[in-house]
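Beneath this line is the structure, given in structure tokens, with notes to follow.
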Amino acid sequence: MSNNNPIGVFDSGIGGTSIWKEIHKMLPYEGTIYLADSKNAPYGEKGKDQILQLCIKNTELLLKKGCKIIVVACNTATTNAIDYLRNNYAVPFIGIEPAIKPAALGSQSKKIGILATKGTLSSELFYKTSMQHAHTISIIEREGKGLVPLIEAGKVHAEETKALLKQYLHPMIAENIDYLVLGCTHYPYLIPLLKTLLPLQVKIIDSGEAVARQTKAILDRNDLLSTSKTSSKHIFYTNSEVAILTHFLNDVKEQKEIKYLAF
Ligand code: DGL
């Protein structure tokens, strides 16, 4: 595997672009290939086996395209499939999980909220992580049912999105949480709306920066960091609407190609 091969990133749709942006900020000279499996979103409502099959499909495509490392930029995919992927493919995999640990450590009220998909909240890995880091605090968890399809439709400021969020946040606010953990890579796009709905003292955290740091560390450990000193190529594939993916990448000024691909 050559150092200048791309980093592969996949998600059930556009959500993982929030992670891609953190990775690019930290590793500006790395080339990347992103897969938005929007045709199959949301993963969060699917069973473990189905999620696993979708992750295998995405992984094999990224490997065929020569990726040297794969970032599973989806909490639902990570919590259901990362062990299988690591045991069955030779490249390193970076996963993403809800940032329970920093929230648990930082919380004064000892109450934190977690918004994530059903697939993540019901996973064994999520259960283990919560037991490990949050046994001394209360976690108020809510499934963000319906949010991913709205975000995939670009409705990040819509009234219907606001109404759902109000409903999901209500029990957390009533319990006096001081941290809200975003356990789905689509949700960082809701931060502007979330800020209008949460009390000022509630801190919102996601795992994007931690994933970027880990990607850099693992590339370094495997001697796979790019040797390029200029910006590299970025290709984004979607198996649904190019316009939607383009919308979420409008703030990316680097050279990029956004294309439809049937996968
Ligand atoms: N972006 C995803 C996550 O982090 C998946 C959402 C979904 O497809 O349900 O969980």
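Simple scheme: letters A, B, ... for chains in structure tokens order, numbers from 1 for residues in each chain, numbers from 1 for ligands in the order shown.
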**Request:** For ligand 1, list the contacting residues at 6 Å or closer, counting only C-alpha atoms and all ligand atoms, as number ranges by chain.
**Result:** A: 11-12, 15, 41-44, 74-76, 117, 148, 184-186
**Asked** Tell me, which residues of stretch 18-209 of chain A carry DSSP alpha helix (DSSP H), written as a count of residues only?
**Response** 92
**Item:** Per-residue DSSP, stretch 15-221 of chain A, filtered to strand (DSSP E or B), as a PyMOL selection string
**Value:** chain A and resi 32-36+69-72+93-94+111-116+138-143+179-183+203-205
Taking only C-alpha atoms into account, produce a table as a tab-separated table in which each residue of stretch 78-165 of chain A with an atom at most 12 Å from an atom of stretch 198-203 of chain A appears once, together with its shortest atom pair and the distance in Å to one decimal, ordered by chain and rising number.
```
residue	atom	partner	partner_atom	distance
A:Pro102	CA	A:Lys203	CA	11.1
A:Ala103	CA	A:Lys203	CA	8.8
A:Ala104	CA	A:Lys203	CA	11.9
A:Gly106	CA	A:Lys203	CA	9.7
A:Ser107	CA	A:Lys203	CA	9.4
A:Gln108	CA	A:Gln201	CA	10.7
A:Ser109	CA	A:Val202	CA	10.4
A:Lys111	CA	A:Val202	CA	10.6
A:Ile112	CA	A:Val202	CA	9.2
A:Gly113	CA	A:Val202	CA	9.6
A:Ile114	CA	A:Lys203	CA	11.8
A:Lys162	CA	A:Leu198	CA	11.6
A:Leu165	CA	A:Leu198	CA	10.0
```
Selection to disk with N, CA and C atoms, as a PDB file, in the first residue's frame:
```
ATOM      1  N   PRO A 102     -15.960  12.036  27.351  1.00  0.00           N
ATOM      2  CA  PRO A 102     -15.722  13.446  27.713  1.00  0.00           C
ATOM      3  C   PRO A 102     -16.937  14.113  28.347  1.00  0.00           C
ATOM      4  N   ALA A 103     -18.131  13.705  27.915  1.00  0.00           N
ATOM      5  CA  ALA A 103     -19.344  14.301  28.504  1.00  0.00           C
ATOM      6  C   ALA A 103     -19.467  13.870  29.964  1.00  0.00           C
ATOM      7  N   ALA A 104     -19.223  12.597  30.222  1.00  0.00           N
ATOM      8  CA  ALA A 104     -19.337  12.078  31.593  1.00  0.00           C
ATOM      9  C   ALA A 104     -18.302  12.748  32.491  1.00  0.00           C
ATOM     10  N   GLY A 106     -16.938  15.725  32.052  1.00  0.00           N
ATOM     11  CA  GLY A 106     -17.155  17.167  32.176  1.00  0.00           C
ATOM     12  C   GLY A 106     -18.438  17.533  32.908  1.00  0.00           C
ATOM     13  N   SER A 107     -19.363  16.613  33.015  1.00  0.00           N
ATOM     14  CA  SER A 107     -20.682  16.961  33.535  1.00  0.00           C
ATOM     15  C   SER A 107     -20.669  17.322  35.025  1.00  0.00           C
ATOM     16  N   GLN A 108     -21.271  18.477  35.344  1.00  0.00           N
ATOM     17  CA  GLN A 108     -21.410  18.902  36.737  1.00  0.00           C
ATOM     18  C   GLN A 108     -22.723  18.381  37.300  1.00  0.00           C
ATOM     19  N   SER A 109     -23.755  18.395  36.447  1.00  0.00           N
ATOM     20  CA  SER A 109     -25.072  17.967  36.940  1.00  0.00           C
ATOM     21  C   SER A 109     -25.161  16.446  37.021  1.00  0.00           C
ATOM     22  N   LYS A 111     -25.703  14.534  34.681  1.00  0.00           N
ATOM     23  CA  LYS A 111     -26.755  14.079  33.773  1.00  0.00           C
ATOM     24  C   LYS A 111     -26.397  14.511  32.367  1.00  0.00           C
ATOM     25  N   ILE A 112     -26.317  13.545  31.465  1.00  0.00           N
ATOM     26  CA  ILE A 112     -25.999  13.900  30.079  1.00  0.00           C
ATOM     27  C   ILE A 112     -27.070  13.325  29.140  1.00  0.00           C
ATOM     28  N   GLY A 113     -27.276  14.025  28.047  1.00  0.00           N
ATOM     29  CA  GLY A 113     -28.241  13.555  27.052  1.00  0.00           C
ATOM     30  C   GLY A 113     -27.502  12.951  25.869  1.00  0.00           C
ATOM     31  N   ILE A 114     -28.082  11.925  25.277  1.00  0.00           N
ATOM     32  CA  ILE A 114     -27.506  11.369  24.049  1.00  0.00           C
ATOM     33  C   ILE A 114     -28.610  11.226  23.012  1.00  0.00           C
ATOM     34  N   LYS A 162     -37.479  21.044  13.621  1.00  0.00           N
ATOM     35  CA  LYS A 162     -37.513  21.713  14.923  1.00  0.00           C
ATOM     36  C   LYS A 162     -38.511  21.027  15.873  1.00  0.00           C
ATOM     37  N   LEU A 165     -37.038  17.769  17.159  1.00  0.00           N
ATOM     38  CA  LEU A 165     -35.975  18.015  18.131  1.00  0.00           C
ATOM     39  C   LEU A 165     -36.553  18.453  19.475  1.00  0.00           C
TER      40      LEU A 165
END
```
Quick one: contact table of stretch 26-71 of chain A to stretch 231-240 of chain A, 6 Å max, nearest atom pair and distance in Å to one decimal per residue, counting only C-alpha atoms, chain and number order, as JSON lines?
```
{"residue": "A:Tyr29", "atom": "CA", "partner": "A:Ser231", "partner_atom": "CA", "distance": 4.6}
{"residue": "A:Glu30", "atom": "CA", "partner": "A:Ser232", "partner_atom": "CA", "distance": 5.8}
{"residue": "A:Gly31", "atom": "CA", "partner": "A:Ser232", "partner_atom": "CA", "distance": 4.6}
{"residue": "A:Thr32", "atom": "CA", "partner": "A:His234", "partner_atom": "CA", "distance": 4.9}
{"residue": "A:Ile33", "atom": "CA", "partner": "A:Ile235", "partner_atom": "CA", "distance": 4.9}
{"residue": "A:Tyr34", "atom": "CA", "partner": "A:Phe236", "partner_atom": "CA", "distance": 4.6}
{"residue": "A:Leu35", "atom": "CA", "partner": "A:Tyr237", "partner_atom": "CA", "distance": 5.0}
{"residue": "A:Ala36", "atom": "CA", "partner": "A:Thr238", "partner_atom": "CA", "distance": 4.7}
{"residue": "A:Asp37", "atom": "CA", "partner": "A:Asn239", "partner_atom": "CA", "distance": 5.9}
{"residue": "A:Ser38", "atom": "CA", "partner": "A:Ser240", "partner_atom": "CA", "distance": 5.7}
{"residue": "A:Lys39", "atom": "CA", "partner": "A:Ser240", "partner_atom": "CA", "distance": 5.5}
```
For the residues in that selection, give me N, CA, C and O atoms as a short mmCIF file (atom, residue, chain, number, x, y, z; two decimals), in the first residue's frame.
```
data_model
loop_
_atom_site.label_atom_id
_atom_site.label_comp_id
_atom_site.auth_asym_id
_atom_site.auth_seq_id
_atom_site.Cartn_x
_atom_site.Cartn_y
_atom_site.Cartn_z
N TYR A 29 -3.14 17.34 3.32
CA TYR A 29 -2.46 16.86 2.11
C TYR A 29 -2.86 15.43 1.73
O TYR A 29 -2.29 14.85 0.81
N GLU A 30 -3.82 14.88 2.43
CA GLU A 30 -4.27 13.52 2.11
C GLU A 30 -5.36 13.56 1.04
O GLU A 30 -6.28 14.38 1.12
N GLY A 31 -5.29 12.68 0.07
CA GLY A 31 -6.38 12.50 -0.88
C GLY A 31 -7.48 11.68 -0.22
O GLY A 31 -7.20 10.89 0.70
N THR A 32 -8.71 11.85 -0.67
CA THR A 32 -9.82 11.12 -0.03
C THR A 32 -10.84 10.63 -1.05
O THR A 32 -11.00 11.23 -2.13
N ILE A 33 -11.52 9.55 -0.68
CA ILE A 33 -12.69 9.10 -1.45
C ILE A 33 -13.83 8.92 -0.45
O ILE A 33 -13.66 8.24 0.57
N TYR A 34 -14.96 9.55 -0.72
CA TYR A 34 -16.10 9.50 0.19
C TYR A 34 -17.27 8.79 -0.47
O TYR A 34 -17.60 9.08 -1.63
N LEU A 35 -17.89 7.89 0.26
CA LEU A 35 -19.11 7.24 -0.25
C LEU A 35 -20.30 7.65 0.59
O LEU A 35 -20.33 7.42 1.80
N ALA A 36 -21.31 8.24 -0.07
CA ALA A 36 -22.57 8.56 0.60
C ALA A 36 -23.59 7.53 0.13
O ALA A 36 -24.07 7.59 -1.00
N ASP A 37 -23.90 6.59 1.01
CA ASP A 37 -24.84 5.51 0.65
C ASP A 37 -26.28 5.96 0.90
O ASP A 37 -27.06 5.26 1.54
N SER A 38 -26.61 7.14 0.40
CA SER A 38 -27.91 7.76 0.71
C SER A 38 -29.10 6.91 0.26
O SER A 38 -30.18 6.99 0.85
N LYS A 39 -28.88 6.12 -0.77
CA LYS A 39 -29.97 5.25 -1.27
C LYS A 39 -30.44 4.30 -0.15
O LYS A 39 -31.60 3.92 -0.10
#
```
**Request:** Excluding stretch 187-194 of chain A and any residue of its chain fewer than 6 positions from it, enumerate the residues within 10 Å of it, using only C-alpha atoms, and give them as JSON, numbers by chain.
**Result:** {"A": [14, 15, 16, 17, 18, 19, 115, 116, 144, 147, 148, 151, 154, 155, 156, 157, 158, 161, 162, 165, 166, 169, 180, 181, 204, 205, 206, 207, 208, 248]}
Include N, CA, C and O atoms and write out the residues we just selected as a tab-separated table (two decimals), in the first residue's frame.
```tsv
chain	number	residue	atom	x	y	z
A	14	ILE	N	-25.06	11.72	3.74
A	14	ILE	CA	-24.24	12.94	3.77
A	14	ILE	C	-23.63	13.24	5.16
A	14	ILE	O	-22.75	14.09	5.28
A	15	GLY	N	-24.12	12.53	6.20
A	15	GLY	CA	-23.69	12.83	7.57
A	15	GLY	C	-22.18	12.79	7.76
A	15	GLY	O	-21.60	13.66	8.42
A	16	GLY	N	-21.55	11.79	7.16
A	16	GLY	CA	-20.10	11.62	7.33
A	16	GLY	C	-19.28	12.76	6.75
A	16	GLY	O	-18.08	12.86	7.04
A	17	THR	N	-19.91	13.64	5.97
A	17	THR	CA	-19.14	14.80	5.47
A	17	THR	C	-18.72	15.69	6.66
A	17	THR	O	-17.73	16.40	6.57
A	18	SER	N	-19.50	15.63	7.77
A	18	SER	CA	-19.10	16.42	8.95
A	18	SER	C	-17.78	15.87	9.50
A	18	SER	O	-16.95	16.63	10.00
A	19	ILE	N	-17.57	14.58	9.37
A	19	ILE	CA	-16.32	13.94	9.82
A	19	ILE	C	-15.23	14.20	8.79
A	19	ILE	O	-14.08	14.48	9.13
A	115	LEU	N	-28.34	11.79	21.86
A	115	LEU	CA	-29.25	11.66	20.74
A	115	LEU	C	-28.53	10.81	19.69
A	115	LEU	O	-27.43	11.16	19.25
A	116	ALA	N	-29.12	9.68	19.34
A	116	ALA	CA	-28.47	8.78	18.37
A	116	ALA	C	-29.55	7.95	17.69
A	116	ALA	O	-30.73	8.08	18.01
A	144	GLY	N	-33.21	9.49	17.64
A	144	GLY	CA	-33.56	10.64	16.80
A	144	GLY	C	-34.39	10.20	15.60
A	144	GLY	O	-34.10	10.63	14.47
A	147	LEU	N	-35.00	12.03	12.01
A	147	LEU	CA	-34.10	13.17	11.76
A	147	LEU	C	-33.22	12.94	10.53
A	147	LEU	O	-33.03	13.86	9.72
A	148	VAL	N	-32.67	11.72	10.38
A	148	VAL	CA	-31.76	11.47	9.25
A	148	VAL	C	-32.45	11.71	7.90
A	148	VAL	O	-31.91	12.43	7.05
A	151	ILE	N	-32.61	15.43	7.32
A	151	ILE	CA	-31.30	16.03	7.02
A	151	ILE	C	-30.89	15.63	5.60
A	151	ILE	O	-30.39	16.46	4.82
A	154	GLY	N	-32.08	17.83	3.18
A	154	GLY	CA	-31.57	19.21	3.29
A	154	GLY	C	-32.39	20.09	4.23
A	154	GLY	O	-32.18	21.29	4.29
A	155	LYS	N	-33.33	19.46	5.00
A	155	LYS	CA	-34.22	20.28	5.83
A	155	LYS	C	-33.63	20.52	7.23
A	155	LYS	O	-34.22	20.11	8.24
A	156	VAL	N	-32.49	21.18	7.30
A	156	VAL	CA	-31.84	21.33	8.60
A	156	VAL	C	-32.38	22.51	9.42
A	156	VAL	O	-32.06	22.64	10.59
A	157	HIS	N	-33.18	23.35	8.78
A	157	HIS	CA	-33.78	24.46	9.54
A	157	HIS	C	-35.31	24.40	9.52
A	157	HIS	O	-35.97	25.31	9.98
A	158	ALA	N	-35.85	23.32	8.99
A	158	ALA	CA	-37.31	23.26	8.77
A	158	ALA	C	-38.10	23.15	10.08
A	158	ALA	O	-37.60	22.65	11.08
A	161	THR	N	-38.38	19.64	11.45
A	161	THR	CA	-37.16	19.18	12.12
A	161	THR	C	-37.13	19.76	13.54
A	161	THR	O	-36.83	19.06	14.51
A	162	LYS	N	-37.48	21.04	13.62
A	162	LYS	CA	-37.51	21.71	14.92
A	162	LYS	C	-38.51	21.03	15.87
A	162	LYS	O	-38.21	20.80	17.05
A	165	LEU	N	-37.04	17.77	17.16
A	165	LEU	CA	-35.98	18.02	18.13
A	165	LEU	C	-36.55	18.45	19.48
A	165	LEU	O	-36.12	17.99	20.53
A	166	LYS	N	-37.55	19.32	19.44
A	166	LYS	CA	-38.18	19.80	20.68
A	166	LYS	C	-38.68	18.62	21.50
A	166	LYS	O	-38.49	18.53	22.70
A	169	LEU	N	-35.71	16.60	22.89
A	169	LEU	CA	-34.89	17.29	23.91
A	169	LEU	C	-35.66	17.53	25.20
A	169	LEU	O	-35.06	17.67	26.27
A	180	LEU	N	-24.99	17.56	25.80
A	180	LEU	CA	-25.75	16.78	24.83
A	180	LEU	C	-24.74	16.15	23.86
A	180	LEU	O	-23.97	16.86	23.20
A	181	VAL	N	-24.73	14.82	23.82
A	181	VAL	CA	-23.81	14.11	22.94
A	181	VAL	C	-24.53	13.79	21.63
A	181	VAL	O	-25.61	13.18	21.64
A	204	ILE	N	-22.77	21.09	23.59
A	204	ILE	CA	-23.05	20.07	22.58
A	204	ILE	C	-21.71	19.47	22.16
A	204	ILE	O	-20.79	20.21	21.82
A	205	ILE	N	-21.59	18.15	22.20
A	205	ILE	CA	-20.32	17.58	21.72
A	205	ILE	C	-20.56	16.45	20.72
A	205	ILE	O	-21.54	15.71	20.78
A	206	ASP	N	-19.64	16.35	19.78
A	206	ASP	CA	-19.65	15.23	18.85
A	206	ASP	C	-18.23	14.68	18.76
A	206	ASP	O	-17.33	15.19	19.41
A	207	SER	N	-18.04	13.65	17.95
A	207	SER	CA	-16.75	12.95	17.98
A	207	SER	C	-15.87	13.26	16.78
A	207	SER	O	-14.84	12.60	16.59
A	208	GLY	N	-16.24	14.25	15.97
A	208	GLY	CA	-15.53	14.51	14.72
A	208	GLY	C	-14.04	14.74	14.87
A	208	GLY	O	-13.22	14.12	14.20
A	248	PHE	N	-24.13	20.05	0.90
A	248	PHE	CA	-23.43	19.90	2.17
A	248	PHE	C	-21.91	20.09	2.04
A	248	PHE	O	-21.21	20.08	3.04
```
**Request:** Kindly indicate which residue among A:Gly13, A:Gly66, A:Pro92, A:Pro28 lies nearest to A:Thr215, using only C-alpha atoms for the distances.
**Result:** A:Pro92
